>>> print(open('model18.txt').read())   # compact mmCIF, C-alpha atoms
# COMPACT_ATOMS: atom_id res chain seq x y z
CA MET A 894 -33.26 -10.34 -19.93
CA ARG A 895 -33.71 -13.75 -21.62
CA GLN A 896 -30.70 -15.49 -20.14
CA PRO A 897 -31.16 -14.25 -16.56
CA LEU A 898 -34.74 -15.49 -16.61
CA LEU A 899 -33.64 -18.87 -17.94
CA ALA A 900 -30.99 -19.04 -15.22
CA LEU A 901 -33.50 -18.28 -12.48
CA LEU A 902 -35.90 -20.88 -13.86
CA ALA A 903 -33.10 -23.46 -13.89
CA LYS A 904 -33.15 -23.22 -10.11
CA GLU A 905 -36.89 -23.75 -9.78
CA PRO A 906 -40.13 -23.12 -11.67
CA ALA A 907 -41.61 -19.70 -10.95
CA HIS A 908 -44.20 -17.23 -12.12
CA GLY A 909 -43.41 -13.80 -13.52
CA TYR A 910 -43.71 -11.83 -10.34
CA GLU A 911 -41.51 -14.26 -8.42
CA LEU A 912 -38.83 -13.78 -11.07
CA LYS A 913 -39.02 -10.01 -10.66
CA LEU A 914 -38.59 -10.38 -6.89
CA ALA A 915 -35.70 -12.80 -7.29
CA LEU A 916 -33.88 -10.33 -9.57
CA GLU A 917 -34.45 -7.51 -7.11
CA GLN A 918 -33.28 -9.52 -4.13
CA THR A 919 -30.14 -10.69 -5.88
CA PHE A 920 -29.01 -7.41 -7.41
CA GLY A 921 -30.63 -4.98 -5.01
CA GLN A 922 -30.62 -1.30 -5.70
CA ALA A 923 -27.60 -1.58 -7.97
CA TYR A 924 -29.72 -2.94 -10.75
CA PRO A 925 -32.66 -1.07 -12.23
CA SER A 926 -35.80 -2.74 -10.98
CA PRO A 927 -37.03 -4.96 -13.84
CA ASN A 928 -40.30 -3.99 -15.41
CA ILE A 929 -42.92 -6.68 -14.78
CA GLY A 930 -44.40 -6.16 -18.26
CA GLN A 931 -41.01 -6.77 -19.82
CA ILE A 932 -40.66 -9.98 -17.82
CA TYR A 933 -44.04 -11.27 -19.03
CA VAL A 934 -43.24 -10.38 -22.65
CA THR A 935 -39.86 -12.10 -22.41
CA LEU A 936 -41.42 -15.22 -20.87
CA LYS A 937 -43.97 -15.35 -23.68
CA ARG A 938 -41.21 -15.15 -26.29
CA LEU A 939 -39.16 -17.79 -24.51
CA GLU A 940 -42.23 -20.01 -24.57
CA GLN A 941 -42.78 -19.38 -28.30
CA ASP A 942 -39.15 -20.35 -28.88
CA GLY A 943 -39.68 -23.58 -26.94
CA LEU A 944 -37.18 -22.71 -24.20
CA VAL A 945 -39.72 -22.62 -21.36
CA ARG A 946 -43.21 -24.03 -20.92
CA SER A 947 -45.98 -22.82 -18.67
CA GLN A 948 -48.71 -24.35 -16.62
CA ASP A 949 -51.80 -22.58 -15.34
CA VAL A 950 -52.09 -22.98 -11.61
CA ALA A 951 -55.42 -22.20 -9.99
CA GLN A 952 -55.41 -19.80 -7.03
CA ASP A 953 -58.17 -19.20 -4.49
CA SER A 954 -60.28 -16.19 -5.39
CA ARG A 955 -57.66 -14.89 -7.81
CA PRO A 956 -56.99 -15.44 -11.50
CA ASN A 957 -54.86 -18.42 -12.43
CA LYS A 958 -51.14 -17.81 -12.45
CA LYS A 959 -48.78 -19.10 -15.07
CA VAL A 960 -45.88 -21.03 -13.61
CA TYR A 961 -42.94 -21.36 -15.98
CA GLU A 962 -40.31 -24.06 -16.13
CA LEU A 963 -37.31 -24.72 -18.31
CA THR A 964 -37.61 -27.14 -21.28
CA PRO A 965 -34.67 -29.38 -22.26
CA ALA A 966 -33.98 -26.96 -25.15
CA GLY A 967 -33.95 -24.09 -22.67
CA ARG A 968 -31.54 -25.92 -20.43
CA GLU A 969 -29.27 -26.57 -23.41
CA GLN A 970 -29.23 -22.92 -24.46
CA LEU A 971 -28.59 -21.83 -20.90
CA ALA A 972 -25.65 -24.24 -20.63
CA ALA A 973 -24.20 -22.78 -23.84
CA TRP A 974 -24.62 -19.24 -22.47
CA VAL A 975 -22.93 -20.18 -19.22
CA THR A 976 -19.89 -21.75 -20.88
CA GLU A 977 -19.28 -19.18 -23.62
CA PRO A 978 -17.16 -16.12 -22.94
CA ILE A 979 -19.01 -12.83 -23.27
CA GLU A 980 -18.03 -10.24 -25.84
CA GLY A 981 -15.84 -7.53 -24.32
CA PRO A 982 -17.25 -4.07 -23.80
CA ARG A 983 -17.49 -1.97 -26.92
CA VAL A 984 -15.84 1.36 -27.14
CA ARG A 985 -18.38 4.18 -27.20
CA ASP A 986 -18.19 4.26 -30.94
CA GLU A 987 -20.94 6.82 -31.36
CA PHE A 988 -18.99 9.39 -29.40
CA PHE A 989 -15.84 8.49 -31.29
CA MET A 990 -17.60 9.04 -34.64
CA LYS A 991 -18.75 12.41 -33.40
CA LEU A 992 -15.28 13.30 -32.16
CA ILE A 993 -13.59 12.44 -35.44
CA LEU A 994 -16.21 13.48 -37.97
CA ALA A 995 -17.97 16.53 -36.54
CA PRO A 996 -14.84 18.74 -36.44
CA MET A 997 -14.00 17.72 -40.03
CA ALA A 998 -17.29 19.23 -41.11
CA GLY A 999 -16.73 22.31 -38.96
CA LEU A 1000 -19.67 21.34 -36.78
CA ALA A 1001 -17.89 21.22 -33.45
CA ASP A 1002 -14.67 21.79 -31.61
CA ARG A 1003 -12.88 18.67 -30.34
CA MET A 1004 -11.98 20.15 -26.99
CA GLU A 1005 -15.61 21.10 -26.42
CA LEU A 1006 -16.80 17.63 -27.42
CA ILE A 1007 -14.36 15.98 -25.05
CA ASN A 1008 -15.21 18.35 -22.23
CA SER A 1009 -18.94 17.88 -22.55
CA GLN A 1010 -18.60 14.10 -22.74
CA ARG A 1011 -16.32 14.16 -19.71
CA ARG A 1012 -18.76 16.28 -17.71
CA HIS A 1013 -21.48 13.79 -18.53
CA TYR A 1014 -19.31 10.91 -17.29
CA PHE A 1015 -18.51 12.82 -14.10
CA GLY A 1016 -22.24 13.23 -13.52
CA ILE A 1017 -22.76 9.49 -13.86
CA MET A 1018 -19.77 8.93 -11.57
CA ARG A 1019 -21.47 11.14 -9.00
CA ASN A 1020 -24.60 9.00 -9.21
CA LEU A 1021 -22.59 5.80 -8.86
CA MET A 1022 -20.60 7.13 -5.90
CA ASP A 1023 -23.83 8.21 -4.21
CA MET A 1024 -25.20 4.72 -4.73
CA GLN A 1025 -21.99 3.23 -3.39
CA ALA A 1026 -22.17 5.39 -0.27
CA ASN A 1027 -25.63 4.05 0.50
CA MET A 1028 -24.86 0.37 0.15
CA ASP A 1029 -24.10 -0.65 3.69
CA ARG A 1030 -26.64 -3.44 3.57
CA ALA A 1031 -26.32 -4.24 -0.11
CA THR A 1032 -25.64 -7.73 -1.38
CA PRO A 1033 -22.13 -8.47 -2.65
CA ALA A 1034 -23.64 -8.79 -6.13
CA ALA A 1035 -25.01 -5.26 -5.94
CA ARG A 1036 -21.72 -3.86 -4.66
CA LEU A 1037 -19.72 -5.59 -7.37
CA LEU A 1038 -22.06 -4.37 -10.07
CA ILE A 1039 -21.54 -0.76 -9.00
CA GLU A 1040 -17.81 -1.28 -8.74
CA GLY A 1041 -17.79 -2.72 -12.25
CA ALA A 1042 -19.67 0.29 -13.55
CA VAL A 1043 -17.18 2.61 -11.82
CA LEU A 1044 -14.24 0.79 -13.39
CA HIS A 1045 -15.78 0.93 -16.86
CA LEU A 1046 -16.45 4.62 -16.43
CA GLN A 1047 -12.89 5.17 -15.27
CA ALA A 1048 -11.65 3.42 -18.43
CA ASP A 1049 -13.90 5.64 -20.57
CA LEU A 1050 -12.47 8.71 -18.87
CA ASP A 1051 -8.90 7.48 -19.34
CA TRP A 1052 -9.65 6.94 -22.98
CA LEU A 1053 -11.08 10.47 -23.33
CA GLU A 1054 -7.82 11.71 -21.89
CA ARG A 1055 -5.91 9.72 -24.52
CA CYS A 1056 -8.10 11.24 -27.23
CA GLN A 1057 -7.32 14.66 -25.81
CA GLU A 1058 -3.58 13.98 -25.79
CA GLU A 1059 -3.51 12.56 -29.31
CA LEU A 1060 -5.96 14.82 -31.11
CA LEU A 1061 -5.42 18.22 -29.52
CA MET B 1117 -14.64 15.83 11.14
CA ARG B 1118 -15.64 18.25 13.83
CA ARG B 1119 -14.51 21.73 13.16
CA ALA B 1120 -14.47 24.97 15.04
CA ALA B 1121 -16.64 27.70 13.53
CA PRO B 1122 -15.07 28.22 10.12
CA ASP B 1123 -13.70 31.60 9.30
CA PRO B 1124 -14.90 33.26 7.09
CA PRO B 1125 -18.49 32.00 7.50
CA ARG B 1126 -19.47 29.11 5.35
CA THR B 1127 -22.18 29.56 2.77
CA GLY B 1128 -22.35 25.96 1.70
CA PRO B 1129 -20.17 24.00 -0.65
CA SER B 1130 -20.00 25.40 -4.15
CA SER B 1131 -22.69 27.94 -3.52
CA PRO B 1132 -22.24 30.62 -6.17
CA ASP B 1133 -21.81 33.26 -3.46
CA ALA B 1134 -19.26 31.25 -1.49
CA PRO B 1135 -16.44 33.65 -0.68
CA ALA B 1136 -13.26 32.52 -2.34
CA LEU B 1137 -11.00 30.93 0.21
CA LEU B 1138 -8.25 30.55 -2.34
CA ARG B 1139 -7.83 32.63 -5.47
CA ALA B 1140 -5.10 32.48 -8.10
CA ARG B 1141 -4.69 34.97 -10.92
CA GLY B 1142 -2.42 34.54 -13.94
CA LEU B 1143 -0.33 31.93 -12.20
CA ILE B 1144 2.81 30.89 -14.05
CA LYS B 1145 5.52 28.50 -12.95
CA VAL B 1146 8.69 28.12 -14.97
CA TYR B 1147 11.38 25.59 -14.07
CA LYS B 1148 14.92 25.87 -15.26
CA SER B 1149 16.00 22.44 -16.32
CA GLY B 1150 19.53 22.09 -17.71
CA GLY B 1151 19.50 25.67 -18.90
CA VAL B 1152 16.11 25.17 -20.58
CA ALA B 1153 13.03 26.92 -19.25
CA VAL B 1154 10.08 24.58 -18.81
CA GLU B 1155 6.69 26.17 -18.34
CA ALA B 1156 4.81 23.80 -16.05
CA VAL B 1157 1.95 26.16 -15.24
CA ARG B 1158 1.06 28.62 -17.98
CA GLY B 1159 -1.44 31.16 -16.78
CA VAL B 1160 -3.97 29.67 -14.39
CA ASP B 1161 -6.93 31.54 -12.88
CA LEU B 1162 -8.65 29.55 -10.18
CA GLU B 1163 -10.96 30.13 -7.26
CA VAL B 1164 -11.92 27.72 -4.52
CA GLY B 1165 -14.91 28.70 -2.39
CA VAL B 1166 -15.24 28.07 1.31
CA GLY B 1167 -16.48 24.52 1.84
CA GLU B 1168 -15.87 23.53 -1.76
CA PHE B 1169 -14.28 20.25 -2.82
CA VAL B 1170 -12.40 20.79 -6.08
CA ALA B 1171 -10.57 18.05 -7.97
CA ILE B 1172 -7.73 18.90 -10.34
CA MET B 1173 -7.39 16.28 -13.04
CA GLY B 1174 -5.52 15.93 -16.31
CA PRO B 1175 -2.83 13.83 -17.98
CA SER B 1176 0.57 13.19 -16.43
CA GLY B 1177 2.79 16.19 -17.01
CA SER B 1178 -0.10 18.60 -17.34
CA GLY B 1179 1.16 20.58 -14.35
CA LYS B 1180 -1.34 19.38 -11.72
CA SER B 1181 1.08 18.73 -8.89
CA THR B 1182 3.17 21.79 -9.66
CA LEU B 1183 0.04 23.92 -9.49
CA LEU B 1184 -0.91 22.44 -6.13
CA HIS B 1185 2.58 22.92 -4.73
CA VAL B 1186 2.67 26.53 -5.86
CA LEU B 1187 -0.78 27.18 -4.38
CA GLY B 1188 0.38 25.70 -1.07
CA GLY B 1189 3.61 27.67 -1.03
CA LEU B 1190 5.85 24.62 -1.34
CA GLU B 1191 7.36 26.20 -4.43
CA PRO B 1192 7.36 29.89 -5.37
CA ALA B 1193 5.28 31.09 -8.31
CA THR B 1194 7.19 32.64 -11.20
CA HIS B 1195 4.39 35.12 -11.93
CA GLY B 1196 0.87 35.73 -10.77
CA GLU B 1197 -1.07 36.27 -7.61
CA ILE B 1198 -2.27 33.91 -4.89
CA TRP B 1199 -4.81 35.02 -2.32
CA LEU B 1200 -5.65 32.93 0.70
CA ARG B 1201 -8.44 33.97 3.05
CA GLY B 1202 -8.47 37.40 1.49
CA LYS B 1203 -4.74 38.01 1.91
CA ARG B 1204 -2.17 38.07 -0.82
CA VAL B 1205 0.39 35.36 -0.11
CA ASP B 1206 2.44 34.81 -3.27
CA GLY B 1207 5.24 37.08 -2.08
CA LEU B 1208 5.67 35.42 1.32
CA SER B 1209 9.03 34.04 2.36
CA ALA B 1210 9.43 30.30 2.86
CA SER B 1211 9.27 30.71 6.63
CA ALA B 1212 6.16 32.90 6.48
CA TRP B 1213 4.56 30.24 4.27
CA ALA B 1214 5.48 27.59 6.83
CA VAL B 1215 3.68 29.53 9.54
CA LEU B 1216 0.68 30.10 7.29
CA ARG B 1217 0.48 26.42 6.39
CA ARG B 1218 0.73 25.38 10.01
CA GLN B 1219 -2.35 27.41 10.79
CA HIS B 1220 -4.43 27.27 7.67
CA VAL B 1221 -3.31 24.67 5.16
CA GLY B 1222 -3.20 20.90 5.61
CA PHE B 1223 -1.23 18.81 3.09
CA VAL B 1224 -1.62 15.16 2.15
CA PHE B 1225 0.80 13.53 -0.29
CA GLN B 1226 0.88 10.36 -2.35
CA PHE B 1227 3.67 8.86 -0.27
CA PHE B 1228 2.29 9.84 3.14
CA ASN B 1229 5.52 11.61 4.27
CA LEU B 1230 5.09 10.58 7.90
CA LEU B 1231 7.97 11.01 10.32
CA SER B 1232 9.30 7.48 10.61
CA THR B 1233 11.03 7.91 13.98
CA MET B 1234 7.85 9.03 15.74
CA THR B 1235 4.74 7.11 16.70
CA VAL B 1236 1.43 7.63 14.96
CA ALA B 1237 0.21 9.66 17.94
CA ASP B 1238 3.25 11.94 17.88
CA ASN B 1239 2.96 12.45 14.14
CA VAL B 1240 -0.60 13.66 14.55
CA GLU B 1241 0.08 15.79 17.65
CA LEU B 1242 3.13 17.54 16.27
CA PRO B 1243 1.37 20.11 14.06
CA ALA B 1244 -0.85 21.23 16.93
CA LEU B 1245 2.14 21.54 19.25
CA LEU B 1246 4.08 23.51 16.64
CA ALA B 1247 1.11 25.82 16.28
CA GLY B 1248 1.18 26.52 19.99
CA ALA B 1249 -1.48 24.19 21.35
CA SER B 1250 -0.97 22.83 24.85
CA PRO B 1251 0.03 19.15 25.08
CA ARG B 1252 -3.39 18.43 26.54
CA GLN B 1253 -5.20 20.12 23.65
CA ALA B 1254 -2.98 18.41 21.09
CA ARG B 1255 -3.61 15.06 22.68
CA LYS B 1256 -7.36 15.57 22.79
CA ARG B 1257 -7.48 16.58 19.15
CA ARG B 1258 -5.29 13.61 18.20
CA GLU B 1259 -7.58 11.21 20.05
CA GLU B 1260 -10.62 12.64 18.28
CA LEU B 1261 -9.01 12.36 14.88
CA LEU B 1262 -7.66 8.85 15.30
CA ALA B 1263 -11.08 7.71 16.51
CA GLU B 1264 -12.75 9.45 13.58
CA LEU B 1265 -10.41 7.74 11.13
CA GLY B 1266 -10.63 4.36 12.83
CA ILE B 1267 -6.95 4.03 13.80
CA THR B 1268 -7.04 4.56 17.56
CA ALA B 1269 -5.51 1.13 18.10
CA LYS B 1270 -2.42 2.17 16.11
CA ALA B 1271 -1.63 5.28 18.19
CA ASN B 1272 1.62 3.92 19.63
CA THR B 1273 2.78 2.17 16.50
CA ALA B 1274 5.57 3.31 14.21
CA PRO B 1275 4.27 4.42 10.80
CA ALA B 1276 6.42 1.86 8.97
CA ARG B 1277 4.47 -0.95 10.59
CA LEU B 1278 1.17 0.24 9.12
CA SER B 1279 -0.37 -0.63 5.78
CA GLY B 1280 -0.42 2.05 3.10
CA GLY B 1281 -4.07 2.76 3.74
CA GLU B 1282 -3.46 3.19 7.47
CA GLN B 1283 -0.48 5.45 6.84
CA GLN B 1284 -2.59 7.64 4.59
CA ARG B 1285 -5.24 7.86 7.29
CA VAL B 1286 -2.58 9.00 9.74
CA ALA B 1287 -1.37 11.54 7.20
CA LEU B 1288 -4.94 12.76 6.84
CA ALA B 1289 -5.31 13.05 10.61
CA ARG B 1290 -2.07 15.03 10.75
CA ALA B 1291 -3.25 17.32 7.94
CA LEU B 1292 -6.53 18.00 9.75
CA ALA B 1293 -4.99 18.40 13.21
CA ASN B 1294 -5.06 22.19 13.17
CA GLU B 1295 -8.48 22.40 11.56
CA PRO B 1296 -7.01 23.99 8.44
CA SER B 1297 -9.11 26.29 6.30
CA LEU B 1298 -7.84 24.43 3.27
CA LEU B 1299 -6.83 20.82 2.74
CA LEU B 1300 -4.48 20.31 -0.21
CA ALA B 1301 -4.07 16.73 -1.36
CA ASP B 1302 -1.66 15.49 -4.01
CA GLU B 1303 -2.75 12.10 -5.37
CA PRO B 1304 -3.65 10.83 -1.89
CA THR B 1305 -4.96 7.54 -3.29
CA GLY B 1306 -2.27 7.16 -5.94
CA ASN B 1307 -0.37 4.54 -3.97
CA LEU B 1308 -3.30 2.62 -2.48
CA ASP B 1309 -5.19 -0.49 -3.52
CA SER B 1310 -8.88 -0.16 -4.23
CA ALA B 1311 -10.15 -1.10 -0.75
CA ASN B 1312 -7.86 1.45 0.92
CA THR B 1313 -8.69 4.00 -1.76
CA ASN B 1314 -12.37 3.59 -0.92
CA ASP B 1315 -11.61 4.06 2.79
CA VAL B 1316 -9.63 7.24 2.24
CA LEU B 1317 -12.28 8.59 -0.13
CA ARG B 1318 -14.98 7.89 2.43
CA LEU B 1319 -13.05 9.90 5.01
CA LEU B 1320 -12.57 12.77 2.59
CA ARG B 1321 -16.25 12.69 1.77
CA ARG B 1322 -17.04 12.94 5.48
CA ALA B 1323 -14.57 15.77 6.03
CA HIS B 1324 -16.09 17.63 3.10
CA ALA B 1325 -19.62 17.04 4.41
CA ALA B 1326 -18.48 18.56 7.70
CA GLY B 1327 -17.41 21.72 5.88
CA GLN B 1328 -13.77 21.08 5.03
CA THR B 1329 -12.55 22.90 1.92
CA ILE B 1330 -10.53 20.50 -0.23
CA LEU B 1331 -8.38 20.96 -3.31
CA MET B 1332 -7.12 17.64 -4.61
CA VAL B 1333 -4.93 16.58 -7.49
CA THR B 1334 -5.93 13.14 -8.65
CA HIS B 1335 -5.95 10.60 -11.45
CA ASP B 1336 -8.79 8.77 -9.80
CA ALA B 1337 -12.09 9.47 -11.53
CA LYS B 1338 -13.95 8.26 -8.44
CA VAL B 1339 -12.85 11.49 -6.79
CA ALA B 1340 -14.73 13.37 -9.47
CA GLY B 1341 -17.86 11.66 -8.19
CA LEU B 1342 -17.26 13.18 -4.76
CA ALA B 1343 -16.05 16.62 -5.77
CA ASP B 1344 -18.23 19.68 -6.29
CA ARG B 1345 -16.11 20.76 -9.22
CA VAL B 1346 -13.49 19.30 -11.52
CA VAL B 1347 -10.75 21.41 -13.07
CA ASN B 1348 -9.12 19.77 -16.05
CA LEU B 1349 -5.54 20.82 -16.62
CA PHE B 1350 -3.86 20.35 -19.98
CA ASP B 1351 -0.37 21.57 -20.91
CA GLY B 1352 -0.26 23.79 -17.86
CA MET B 1353 -3.55 25.51 -18.63
CA ILE B 1354 -7.13 24.98 -17.57
CA ALA B 1355 -8.96 23.14 -20.34
CA ASP B 1356 -12.20 22.81 -18.43
CA ASP B 1357 -13.59 23.90 -15.08
CA ALA B 1358 -17.09 22.70 -14.32
CA LYS B 1359 -19.34 21.71 -11.47
CA VAL B 1360 -20.15 18.04 -11.23
CA VAL B 1361 -23.83 17.74 -11.95
CA PRO B 1362 -25.52 14.38 -11.43
CA ALA B 1363 -26.31 12.91 -14.81
CA PRO B 1364 -29.50 14.29 -16.32
CA ARG B 1365 -32.33 11.82 -16.47
CA ARG B 1366 -30.39 10.14 -13.72
CA ALA B 1367 -32.26 6.89 -13.75
CA GLN B 1368 -31.83 6.44 -17.47
CA ALA B 1369 -28.18 7.43 -17.60
CA VAL B 1370 -27.22 5.11 -14.79
CA ARG B 1371 -29.43 2.35 -16.12
CA ASN B 1372 -27.71 2.55 -19.50
CA PHE B 1373 -24.41 2.42 -17.76
CA LEU B 1374 -25.25 -0.49 -15.52
CA GLU B 1375 -26.36 -2.45 -18.56
CA LEU B 1376 -22.56 -2.67 -18.96
CA ARG B 1377 -21.95 -2.78 -22.63
CA GLY B 1378 -21.22 -6.00 -24.42
>>> encode(input="model18.txt", output="structure tokens")
Amino acid sequence: MRQPLLALLAKEPAHGYELKLALEQTFGQAYPSPNIGQIYVTLKRLEQDGLVRSQDVAQDSRPNKKVYELTPAGREQLAAWVTEPIEGPRVRDEFFMKLILAPMAGLADRMELINSQRRHYFGIMRNLMDMQANMDRATPAARLLIEGAVLHLQADLDWLERCQEELL
Amino acid sequence: MRRAAPDPPRTGPSSPDAPALLRARGLIKVYKSGGVAVEAVRGVDLEVGVGEFVAIMGPSGSGKSTLLHVLGGLEPATHGEIWLRGKRVDGLSASAWAVLRRQHVGFVFQFFNLLSTMTVADNVELPALLAGASPRQARKRREELLAELGITAKANTAPARLSGGEQQRVALARALANEPSLLLADEPTGNLDSANTNDVLRLLRRAHAAGQTILMVTHDAKVAGLADRVVNLFDGMIADDAKVVPAPRRAQAVRNFLELRG
């Protein structure tokens, strides 16, 4: 949440609720609607770290609102984030630990573990496909996010199949 | 896709009481290969209900395509029973199977298998004509299907001049021409890029929503997100057979997933 907020603030100063709206408009239904409380907490931490600063702006007949803007340190960190490659996706190591270790202790059957994990992935795939079917008016960002999730899920399923072939 | 009143009556996709449209019992398929017997299908029990969309998945060589071909009568079973629409069909001759398929089973393949010397329109009309429809009926049905699949403009084109995605849509139109009780599909998206895959999947989703029973062999996990049920085949046997249930705590599961790891 930190970096996206910094990136939005690099465009223009904004208050918390505007940032929530900007995230929603950009990513649409593909992205879980950000919690406003989480946004305020993150902004406060960013301010403590000296990456943003805020100014109270008076409003007619309403409490003051805090408008945030990027500090030079914030801009520097954002630039570093933008230029650095992102770590690749991790393998679902928790499932893998289960798959390898639980049968050794006689706690589970590998085929059953693989099947139940696969059913779970299929359920998520159903959700993603339903979302994809209802995206006629979605932004390209939203569509690409869903497609990315589908491709990751497909890779997880392929990998389950490899586990099945190698271990069973 | 518009369909005539299905027969037997439809009780909704994957409803537990759905009458089995297709039922296989103890199905075994053995190939002789260079004097060696290869068991491709090793004892499969399977039911597909009216209106159900079932995906058959599993690693290469697990027997998926063989199973589908045996179920559709393209290859004879070595042992076991196949029942289609309440009638036992595993003992039928090749020609009796051909008649049965013409009326009740549509097939879609990975490589489209369109007749290259005929136009798109003729490819789609042919099954109806072979089944005894009048030229007028066949033409009407063809026009409906091509419109439904968005390829009306290609009616007088030769299949070879179409993209892979368009050819597969024509193949789908041909398979649905006689309003088959059962659509069998063997890796229908296996040779398509992702945009065309999405198009073909959208059409299959629509056909299924309109009541079409579908049994599809696929490597494409996206299909699992459309199917009512996924059968996982492994070494010629069913390793898993389960309904696709949207992830529990849907919001959380999808949220976790969209937070794309890393």
>>> closest_residue(input="model18.txt", among="B:Trp1213, B:Tyr1147, B:Phe1350, B:Phe1227", to="chain A", atoms="all atoms listed in the file")
B:Phe1350
>>> atom_distance(input="model18.txt", atom1="atom CA of Ile1354 of chain B", atom2="atom CA of Gly1306 of chain B")
21.8 Å
>>> interface_residues(input="model18.txt", of="chain A", to="chain B", cutoff="9 Å", atoms="all atoms listed in the file", output="PyMOL selection string")
chain A and resi 923-925+979-984+1004-1005+1008+1012-1023+1026+1038-1039+1041-1047+1050-1051+1054-1055+1057-1058
>>> atom_distance(input="model18.txt", atom1="atom CA of Arg1285 of chain B", atom2="atom CA of Ser1310 of chain B")
14.5 Å
>>> residues_around(input="model18.txt", residues="Ser1279 of chain B", least_positions_apart="5", cutoff="10 Å", atoms="all atoms listed in the file", output="number ranges by chain")
B: 1284-1285, 1308, 1312
>>> write_last_selection(input="model18.txt", atoms="C-alpha atoms", output="PDB file, keeping the file's coordinate frame")
ATOM      1  CA  GLN B1284      -2.590   7.640   4.590  1.00  0.00           C
ATOM      2  CA  ARG B1285      -5.240   7.860   7.290  1.00  0.00           C
ATOM      3  CA  LEU B1308      -3.300   2.620  -2.480  1.00  0.00           C
ATOM      4  CA  ASN B1312      -7.860   1.450   0.920  1.00  0.00           C
TER       5      ASN B1312
END
